[in-house]
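Source file: run.cif. Holds: mmCIF, C-alpha atoms.
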data_structure
loop_
_atom_site.label_atom_id
_atom_site.label_comp_id
_atom_site.auth_asym_id
_atom_site.auth_seq_id
_atom_site.Cartn_x
_atom_site.Cartn_y
_atom_site.Cartn_z
CA MET A 1 0.00 22.40 25.30
CA THR A 2 2.55 19.58 25.20
CA ASN A 3 -0.17 16.99 25.71
CA LEU A 4 -2.18 18.58 22.91
CA LEU A 5 0.79 18.38 20.52
CA ASP A 6 1.40 14.75 21.48
CA TRP A 7 -2.25 13.96 20.81
CA TRP A 8 -2.11 15.70 17.43
CA SER A 9 0.92 13.73 16.32
CA ALA A 10 -0.73 10.34 17.00
CA ASN A 11 -2.63 9.93 13.70
CA SER A 12 -5.17 12.54 14.70
CA ALA A 13 -7.85 14.38 12.75
CA LEU A 14 -9.83 17.51 13.56
CA THR A 15 -13.62 17.25 13.30
CA PHE A 16 -16.63 19.29 14.45
CA ALA A 17 -19.68 17.99 16.30
CA ARG A 18 -21.81 20.91 15.00
CA PRO A 19 -20.08 22.09 11.83
CA TRP A 20 -23.08 24.09 10.59
CA LEU A 21 -22.44 26.69 13.32
CA LEU A 22 -19.25 27.64 11.48
CA LEU A 23 -21.52 29.57 9.09
CA LEU A 24 -21.69 32.24 11.81
CA LEU A 25 -18.09 33.11 10.90
CA LEU A 26 -19.48 34.73 7.75
CA ALA A 27 -21.12 37.39 9.93
CA ILE A 28 -17.81 38.58 11.37
CA PRO A 29 -16.51 40.29 8.19
CA LEU A 30 -19.93 41.97 7.86
CA LEU A 31 -19.70 43.16 11.48
CA ALA A 32 -16.23 44.55 10.86
CA TRP A 33 -17.48 46.44 7.80
CA LEU A 34 -20.46 47.87 9.68
CA ARG A 35 -18.27 49.03 12.57
CA GLY A 36 -16.02 50.81 10.09
CA LYS A 37 -19.02 52.62 8.60
CA ARG A 38 -20.34 53.93 11.96
CA GLY A 39 -19.31 57.31 13.39
CA PRO A 40 -20.65 60.31 15.31
CA ALA A 41 -22.53 63.07 13.57
CA ALA A 42 -20.34 65.80 12.07
CA ALA A 43 -19.84 68.88 14.26
CA LEU A 44 -19.03 71.14 11.28
CA THR A 45 -20.41 71.05 7.79
CA TYR A 46 -18.41 72.12 4.74
CA SER A 47 -19.66 72.64 1.28
CA SER A 48 -16.66 70.66 0.06
CA THR A 49 -14.08 68.51 1.86
CA ALA A 50 -11.57 68.64 -0.95
CA SER A 51 -9.54 71.36 0.80
CA LEU A 52 -9.20 69.20 3.93
CA GLN A 53 -7.83 66.04 2.26
CA ALA A 54 -4.22 67.07 2.80
CA ILE A 55 -4.67 67.66 6.55
CA GLY A 56 -4.60 63.99 7.61
CA LYS A 57 -4.82 60.36 6.50
CA ARG A 58 -8.00 58.29 6.46
CA SER A 59 -6.47 55.26 8.25
CA ALA A 60 -7.71 54.47 11.72
CA ALA A 61 -5.51 54.84 14.79
CA ARG A 62 -3.26 51.87 15.65
CA ALA A 63 -4.94 51.40 19.03
CA GLY A 64 -8.35 51.25 17.42
CA LYS A 65 -7.17 48.60 14.95
CA ILE A 66 -5.80 46.42 17.72
CA LEU A 67 -8.97 46.69 19.81
CA ARG A 68 -11.14 45.87 16.84
CA THR A 69 -8.93 42.92 15.88
CA LEU A 70 -9.09 41.53 19.43
CA LEU A 71 -12.88 41.79 19.45
CA LEU A 72 -13.31 40.09 16.09
CA ALA A 73 -10.78 37.38 16.90
CA SER A 74 -12.53 36.58 20.19
CA LEU A 75 -15.88 36.33 18.40
CA ALA A 76 -14.37 34.00 15.75
CA ILE A 77 -12.85 31.71 18.38
CA LEU A 78 -16.12 31.58 20.33
CA VAL A 79 -18.01 30.65 17.16
CA VAL A 80 -15.51 27.86 16.48
CA GLY A 81 -16.00 26.72 20.08
CA LEU A 82 -19.78 26.57 19.60
CA ALA A 83 -19.19 24.25 16.64
CA ARG A 84 -17.55 21.81 19.12
CA PRO A 85 -14.14 21.07 17.56
CA GLN A 86 -12.89 17.59 18.42
CA LEU A 87 -9.36 16.32 18.00
CA GLY A 88 -9.53 12.57 17.53
CA LYS A 89 -7.63 9.54 16.39
CA SER A 90 -8.79 6.30 14.83
CA LEU A 91 -7.10 2.99 15.56
CA THR A 92 -7.67 0.02 13.24
CA GLN A 93 -6.70 -3.47 14.30
CA ILE A 94 -6.55 -6.17 11.61
CA GLU A 95 -6.50 -9.83 12.53
CA ALA A 96 -5.60 -12.12 9.60
CA SER A 97 -6.32 -15.82 9.41
CA GLY A 98 -2.63 -16.75 9.31
CA ILE A 99 -2.36 -18.33 5.84
CA ASP A 100 1.23 -19.09 4.85
CA ILE A 101 2.07 -19.42 1.15
CA MET A 102 5.32 -20.54 -0.44
CA LEU A 103 5.77 -19.77 -4.15
CA VAL A 104 8.21 -22.19 -5.82
CA LEU A 105 9.43 -20.79 -9.15
CA ASP A 106 11.40 -22.61 -11.84
CA VAL A 107 14.37 -20.57 -13.13
CA SER A 108 16.04 -23.25 -15.23
CA GLY A 109 17.43 -22.41 -18.67
CA SER A 110 14.30 -23.54 -20.50
CA MET A 111 12.37 -20.72 -18.78
CA LEU A 112 14.04 -18.36 -21.28
CA THR A 113 11.77 -19.75 -24.01
CA LYS A 114 9.65 -16.97 -25.51
CA ASP A 115 6.15 -18.42 -25.77
CA PHE A 116 4.42 -15.85 -23.52
CA THR A 117 3.49 -12.20 -24.01
CA ILE A 118 3.37 -9.15 -21.74
CA GLY A 119 1.44 -6.14 -22.98
CA GLY A 120 1.30 -7.59 -26.47
CA GLN A 121 5.08 -7.99 -26.59
CA GLU A 122 6.91 -11.32 -26.82
CA ALA A 123 8.22 -12.37 -23.38
CA THR A 124 10.07 -15.25 -21.78
CA ARG A 125 8.38 -17.66 -19.43
CA VAL A 126 10.30 -16.34 -16.43
CA ASP A 127 9.28 -12.73 -17.21
CA ALA A 128 5.62 -13.73 -17.50
CA ILE A 129 5.79 -15.71 -14.27
CA ARG A 130 7.41 -12.79 -12.46
CA GLU A 131 4.75 -10.36 -13.68
CA VAL A 132 1.76 -12.57 -12.76
CA THR A 133 3.31 -13.53 -9.41
CA ARG A 134 3.67 -9.84 -8.58
CA LYS A 135 -0.07 -9.32 -9.08
CA PHE A 136 -0.86 -12.38 -6.95
CA ILE A 137 1.26 -11.06 -4.07
CA LYS A 138 -0.33 -7.61 -4.23
CA GLY A 139 -3.77 -9.22 -4.03
CA ARG A 140 -3.02 -10.95 -0.72
CA PRO A 141 -1.79 -8.24 1.69
CA ASN A 142 -2.79 -10.15 4.84
CA ASP A 143 -0.91 -13.41 4.20
CA ARG A 144 2.67 -14.40 4.89
CA ILE A 145 4.29 -15.22 1.55
CA GLY A 146 7.73 -16.57 0.74
CA ILE A 147 9.56 -17.41 -2.50
CA ILE A 148 11.88 -20.28 -3.39
CA ALA A 149 13.50 -20.38 -6.83
CA PHE A 150 15.16 -23.45 -8.26
CA ALA A 151 17.17 -24.74 -11.18
CA GLY A 152 19.75 -27.46 -10.49
CA ARG A 153 19.08 -26.83 -6.78
CA PRO A 154 16.67 -24.64 -4.79
CA TYR A 155 17.55 -21.37 -3.07
CA VAL A 156 15.50 -19.06 -0.88
CA VAL A 157 14.59 -15.76 -2.54
CA SER A 158 12.61 -14.61 0.48
CA PRO A 159 11.42 -16.31 3.67
CA MET A 160 7.73 -15.96 4.50
CA THR A 161 6.96 -12.38 5.37
CA LEU A 162 4.15 -9.83 5.65
CA ASP A 163 6.46 -7.14 4.27
CA HIS A 164 5.29 -7.50 0.70
CA ASP A 165 7.18 -4.44 -0.54
CA TRP A 166 10.42 -6.13 0.43
CA LEU A 167 9.12 -9.40 -1.04
CA LEU A 168 8.42 -7.75 -4.41
CA GLN A 169 11.88 -6.20 -4.45
CA ASN A 170 13.39 -9.67 -4.06
CA LEU A 171 11.06 -11.05 -6.75
CA ASP A 172 12.50 -8.53 -9.22
CA ARG A 173 15.95 -10.04 -8.60
CA VAL A 174 14.86 -13.54 -9.66
CA ARG A 175 16.66 -14.43 -12.87
CA ILE A 176 18.20 -17.32 -14.76
CA GLY A 177 21.77 -18.39 -14.02
CA LEU A 178 22.13 -17.73 -10.28
CA VAL A 179 22.71 -21.45 -9.69
CA GLU A 180 23.73 -24.35 -11.91
CA ASP A 181 21.20 -25.34 -14.55
CA GLY A 182 18.76 -28.23 -14.18
CA THR A 183 15.25 -28.83 -12.82
CA ALA A 184 15.26 -30.05 -9.20
CA ILE A 185 11.50 -30.11 -8.65
CA GLY A 186 11.55 -32.61 -5.76
CA SER A 187 14.26 -30.77 -3.82
CA ALA A 188 12.46 -27.44 -4.30
CA MET A 189 9.17 -28.91 -3.04
CA ALA A 190 10.90 -30.39 -0.01
CA ALA A 191 12.60 -27.06 0.80
CA ALA A 192 9.25 -25.23 0.58
CA ALA A 193 7.47 -27.85 2.70
CA ASN A 194 10.17 -27.47 5.35
CA ARG A 195 9.55 -23.71 5.42
CA LEU A 196 5.82 -24.34 5.79
CA ASN A 197 6.23 -26.79 8.68
CA ASP A 198 4.76 -24.41 11.24
CA LYS A 199 2.18 -25.96 13.57
CA HIS A 200 0.82 -22.53 14.51
CA SER A 201 -0.32 -21.72 10.97
CA LYS A 202 -4.03 -22.23 10.40
CA SER A 203 -3.60 -22.86 6.67
CA ARG A 204 -0.59 -23.49 4.43
CA ALA A 205 -0.25 -23.56 0.67
CA LEU A 206 2.55 -24.46 -1.75
CA VAL A 207 2.35 -23.17 -5.32
CA LEU A 208 4.80 -24.84 -7.73
CA LEU A 209 5.39 -23.33 -11.15
CA THR A 210 7.63 -25.18 -13.60
CA ASP A 211 8.02 -25.92 -17.29
CA GLY A 212 9.94 -29.19 -17.16
CA GLU A 213 10.42 -32.55 -15.53
CA ASN A 214 12.70 -33.40 -12.65
CA ASN A 215 16.28 -34.06 -13.78
CA ALA A 216 18.35 -32.84 -10.81
CA GLY A 217 18.35 -32.77 -7.02
CA LYS A 218 18.50 -35.51 -4.39
CA ILE A 219 14.78 -35.85 -3.61
CA PRO A 220 12.32 -37.38 -6.12
CA PRO A 221 9.16 -35.29 -6.72
CA ASN A 222 6.87 -38.17 -5.65
CA THR A 223 8.66 -38.44 -2.29
CA ALA A 224 8.35 -34.69 -1.76
CA ALA A 225 4.66 -34.89 -2.69
CA GLU A 226 4.08 -37.51 0.02
CA ALA A 227 5.70 -35.19 2.58
CA VAL A 228 3.50 -32.30 1.44
CA LYS A 229 0.39 -34.43 1.90
CA ALA A 230 1.54 -35.68 5.33
CA LEU A 231 2.02 -32.09 6.50
CA LYS A 232 -1.50 -31.20 5.26
CA ILE A 233 -0.18 -28.48 2.97
CA HIS A 234 -2.47 -27.39 0.14
CA PHE A 235 -0.61 -28.08 -3.10
CA TYR A 236 -1.05 -26.37 -6.47
CA ALA A 237 1.11 -27.26 -9.48
CA ILE A 238 1.23 -25.07 -12.60
CA GLY A 239 2.76 -26.36 -15.81
CA ALA A 240 3.93 -23.41 -17.92
CA GLY A 241 4.72 -23.47 -21.63
CA ILE A 242 3.45 -24.96 -24.86
CA ASN A 243 4.05 -28.24 -26.61
CA GLY A 244 5.23 -27.21 -30.06
CA ILE A 245 7.53 -24.77 -31.85
CA ALA A 246 8.70 -21.63 -29.99
CA PRO A 247 11.74 -19.29 -29.90
CA ALA A 248 14.23 -20.92 -27.53
CA PRO A 249 17.83 -20.04 -26.58
CA ILE A 250 20.67 -21.66 -28.48
CA TYR A 251 22.71 -23.55 -25.88
CA THR A 252 26.38 -24.52 -26.02
CA ALA A 253 28.54 -26.36 -23.51
CA ARG A 254 29.19 -23.00 -21.78
CA GLY A 255 25.53 -21.96 -21.67
CA PRO A 256 23.28 -19.77 -23.84
CA LEU A 257 24.92 -18.45 -27.01
CA THR A 258 25.11 -14.63 -27.10
CA ASP A 259 26.01 -11.98 -29.66
CA ALA A 260 28.71 -9.30 -29.36
CA LEU A 261 26.40 -7.16 -27.19
CA GLY A 262 25.63 -10.01 -24.79
CA ASN A 263 22.10 -10.63 -26.06
CA ILE A 264 20.94 -14.26 -26.01
CA LEU A 265 20.48 -15.73 -29.46
CA TYR A 266 17.20 -17.54 -30.23
CA GLU A 267 15.95 -19.95 -32.84
CA ASN A 268 12.64 -21.73 -33.32
CA GLN A 269 12.82 -25.12 -31.62
CA ARG A 270 10.43 -27.82 -30.56
CA VAL A 271 9.62 -27.52 -26.84
CA GLU A 272 7.71 -30.12 -24.85
CA PHE A 273 6.27 -30.38 -21.38
CA ASN A 274 5.84 -33.56 -19.31
CA GLU A 275 2.28 -32.98 -18.17
CA THR A 276 1.81 -36.60 -17.03
CA GLY A 277 4.62 -36.41 -14.47
CA LEU A 278 3.38 -33.20 -12.84
CA LYS A 279 -0.19 -34.50 -12.75
CA GLU A 280 1.04 -37.57 -10.87
CA VAL A 281 2.89 -35.41 -8.34
CA SER A 282 -0.28 -33.35 -7.80
CA LYS A 283 -2.33 -36.49 -7.28
CA ILE A 284 0.08 -37.89 -4.68
CA ALA A 285 0.08 -34.55 -2.80
CA ASP A 286 -3.73 -34.51 -2.96
CA GLY A 287 -3.44 -31.19 -4.75
CA LYS A 288 -4.55 -29.54 -7.99
CA PHE A 289 -2.84 -29.32 -11.37
CA PHE A 290 -3.18 -26.42 -13.81
CA ARG A 291 -1.88 -25.94 -17.34
CA ALA A 292 -0.74 -22.49 -18.52
CA THR A 293 0.08 -22.12 -22.20
CA ASP A 294 -0.05 -18.30 -22.33
CA THR A 295 -0.09 -15.26 -20.06
CA GLU A 296 -3.90 -15.08 -19.92
CA SER A 297 -4.30 -18.67 -18.76
CA LEU A 298 -1.49 -18.17 -16.22
CA GLU A 299 -3.26 -15.12 -14.78
CA GLN A 300 -6.54 -17.06 -14.61
CA ILE A 301 -4.84 -19.91 -12.73
CA TYR A 302 -3.45 -17.50 -10.16
CA THR A 303 -6.94 -15.99 -9.85
CA ASP A 304 -8.44 -19.44 -9.25
CA ILE A 305 -5.82 -20.23 -6.59
CA ASP A 306 -6.49 -16.86 -4.98
CA LYS A 307 -10.18 -17.78 -4.68
CA LEU A 308 -9.39 -21.19 -3.21
CA GLU A 309 -7.00 -19.82 -0.58
CA LYS A 310 -9.06 -17.04 0.94
CA SER A 311 -7.96 -15.51 4.22
CA THR A 312 -10.50 -14.41 6.81
CA VAL A 313 -9.82 -10.91 8.10
CA SER A 314 -11.34 -9.40 11.24
CA VAL A 315 -11.21 -5.61 11.44
CA LYS A 316 -11.74 -3.72 14.71
CA LYS A 317 -11.90 0.06 14.63
CA TYR A 318 -11.53 2.31 17.67
CA GLN A 319 -12.12 6.06 17.76
CA GLN A 320 -11.07 8.44 20.53
CA TYR A 321 -11.90 12.13 20.66
CA ARG A 322 -10.79 15.07 22.77
CA ASP A 323 -13.28 17.95 22.95
CA LEU A 324 -11.60 21.33 22.37
CA PHE A 325 -14.64 23.45 23.37
CA SER A 326 -13.11 24.48 26.70
CA ILE A 327 -9.88 25.60 25.03
CA CYS A 328 -11.78 27.72 22.52
CA LEU A 329 -14.01 29.15 25.25
CA MET A 330 -11.04 30.16 27.43
CA SER A 331 -9.12 31.59 24.47
CA GLY A 332 -12.09 33.58 23.18
CA CYS A 333 -13.02 34.90 26.61
CA GLY A 334 -9.37 35.76 27.27
CA LEU A 335 -9.16 37.89 24.13
CA LEU A 336 -12.50 39.53 24.94
CA VAL A 337 -11.38 40.42 28.47
CA ALA A 338 -8.11 41.81 27.11
CA GLN A 339 -10.06 43.95 24.64
CA LEU A 340 -12.33 45.30 27.37
CA LEU A 341 -9.44 46.07 29.74
CA LEU A 342 -7.41 47.88 27.08
CA SER A 343 -10.42 49.87 25.88
CA GLN A 344 -11.13 51.06 29.44
CA THR A 345 -7.53 51.78 30.49
CA VAL A 346 -4.57 52.70 28.28
CA TRP A 347 -6.67 53.04 25.15
CA LYS A 348 -9.82 54.45 26.74
CA LYS A 349 -11.84 56.62 24.39
CA LEU A 350 -13.33 59.98 25.36
CA PRO A 351 -16.98 60.52 24.49
#
Is it possible to give me this structure as structure tokens?
Amino acid sequence: MTNLLDWWSANSALTFARPWLLLLLLAIPLLAWLRGKRGPAAALTYSSTASLQAIGKRSAARAGKILRTLLLASLAILVVGLARPQLGKSLTQIEASGIDIMLVLDVSGSMLTKDFTIGGQEATRVDAIREVTRKFIKGRPNDRIGIIAFAGRPYVVSPMTLDHDWLLQNLDRVRIGLVEDGTAIGSAMAAAANRLNDKHSKSRALVLLTDGENNAGKIPPNTAAEAVKALKIHFYAIGAGINGIAPAPIYTARGPLTDALGNILYENQRVEFNETGLKEVSKIADGKFFRATDTESLEQIYTDIDKLEKSTVSVKKYQQYRDLFSICLMSGCGLLVAQLLLSQTVWKKLP
């Protein structure tokens, strides 16, 4: 019994080799009803039995109920045994191709500009990036993915991991102001390339998403791009934001200006993006450049990258079954023998 319980707990499922035989179980209630209807011929005949109703109850004797229950239960178990119940477990082994992806996200102050939308509502660039990145991560369950955020310097949000639930929790914590402001694109690329420097990985990809040009950090973007190319890392650069007028935060020497409730104050300002610089970085890294001016184009870019970086998955499925016919047979026969012994000994009926 212990082994049976252990087997059941190991992701098991009960199936039947011949499930159609379970239809025989429908005959058991009919048999019980017919046995209740049968009886010997009456020895005395009365014109009316109304005067005898108060003499005794109509319920059967307790011994007779037990014997009948044992018989019906044994028949039910034997029918289940004929249907060949099988307790089995299925093991699935997934072998991924080993693609490693580092997502490098800009969280500088300019990412608070509201020129994107989410669900028809005005949204900041960082909110749109977070939302689309979440969908990208969910669409690649078999790849190791990590996140580096950067402003004046880069910091690791999450190392590469297959635990995407934990990864998404850390993505939700990405926000503006965790480090000093600025746009250290080169340093962020170098930090991501260092994380991807794993010789055992079959394929590696670096996805950079920024809305500005490099103005901080110790490593120039072109130098970082050369390192990315030397390490044979697939490089994708996404330039986010429009060139034109958009609601942008009002900055002071202490940072974004806020109202009495702590809400950031906005005004329409001219915002620009240095597309030429990021294109040059992409060219040096032998990568691809994309331009995202709204949420829809950003989602499409992530979709295109997802198609380019496909992981090959090999699935092996194993199934093991334990036939329970013998257990049913022994249980049913045991109940039947018990019924026969009781009916011929302590509960023997006189003719």
**Request:** To one decimal in Å, tell me the separation between CA of Leu87 in chain A and CA of Asp323 in chain A.
**Result:**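 That distance, rounded to one decimal, is 6.5 Å.
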How close does each residue of range 199-251 of chain A get to range 97-115 of chain A, giving the shortest atom pair and distance in Å to one decimal for every residue with an atom at most 10 Å away, counting all atoms listed in the file, sorted by chain and residue number, as CSV?
residue,atom,partner,partner_atom,distance
A:His200,CA,A:Gly98,CA,8.5
A:Ser201,CA,A:Gly98,CA,5.7
A:Lys202,CA,A:Gly98,CA,5.8
A:Ser203,CA,A:Ile99,CA,4.8
A:Arg204,CA,A:Asp100,CA,4.8
A:Ala205,CA,A:Ile101,CA,4.8
A:Leu206,CA,A:Met102,CA,5.0
A:Val207,CA,A:Leu103,CA,5.0
A:Leu208,CA,A:Val104,CA,4.7
A:Leu209,CA,A:Leu105,CA,5.2
A:Thr210,CA,A:Asp106,CA,4.9
A:Asp211,CA,A:Met111,CA,6.9
A:Gly212,CA,A:Ser110,CA,7.9
A:Ile233,CA,A:Ile101,CA,9.5
A:His234,CA,A:Ile101,CA,9.2
A:Phe235,CA,A:Met102,CA,10.0
A:Tyr236,CA,A:Leu103,CA,9.8
A:Ala237,CA,A:Val104,CA,9.5
A:Ile238,CA,A:Leu105,CA,9.9
A:Ala240,CA,A:Met111,CA,8.9
A:Gly241,CA,A:Asp115,CA,6.7
A:Ile242,CA,A:Asp115,CA,7.1
A:Gly244,CA,A:Asp115,CA,9.8
A:Ile245,CA,A:Asp115,CA,8.9
A:Ala246,CA,A:Asp115,CA,5.9
A:Pro247,CA,A:Lys114,CA,5.4
A:Ala248,CA,A:Thr113,CA,4.5
A:Pro249,CA,A:Thr113,CA,6.6
A:Tyr251,CA,A:Gly109,CA,9.0
**Message:** Which residues would end up in the selection if the PyMOL selection byres ((chain A and resi 164) around 9) were applied here, given that I need the answer as an MDAnalysis selection string?
**Reply:** chainID A and resid 137:138 141 144:145 161:163 165:169
**Request:** Kindly resolve the PyMOL selection byres ((chain A and resi 127) around 9) on the present coordinates and return the residues as a PyMOL selection string.
**Result:** chain A and resi 111-112+116-118+123-126+128-132+175
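Straight-line separation from CA of Ile301 in chain A to CA of Lys288 in chain A: 10.7 Å.
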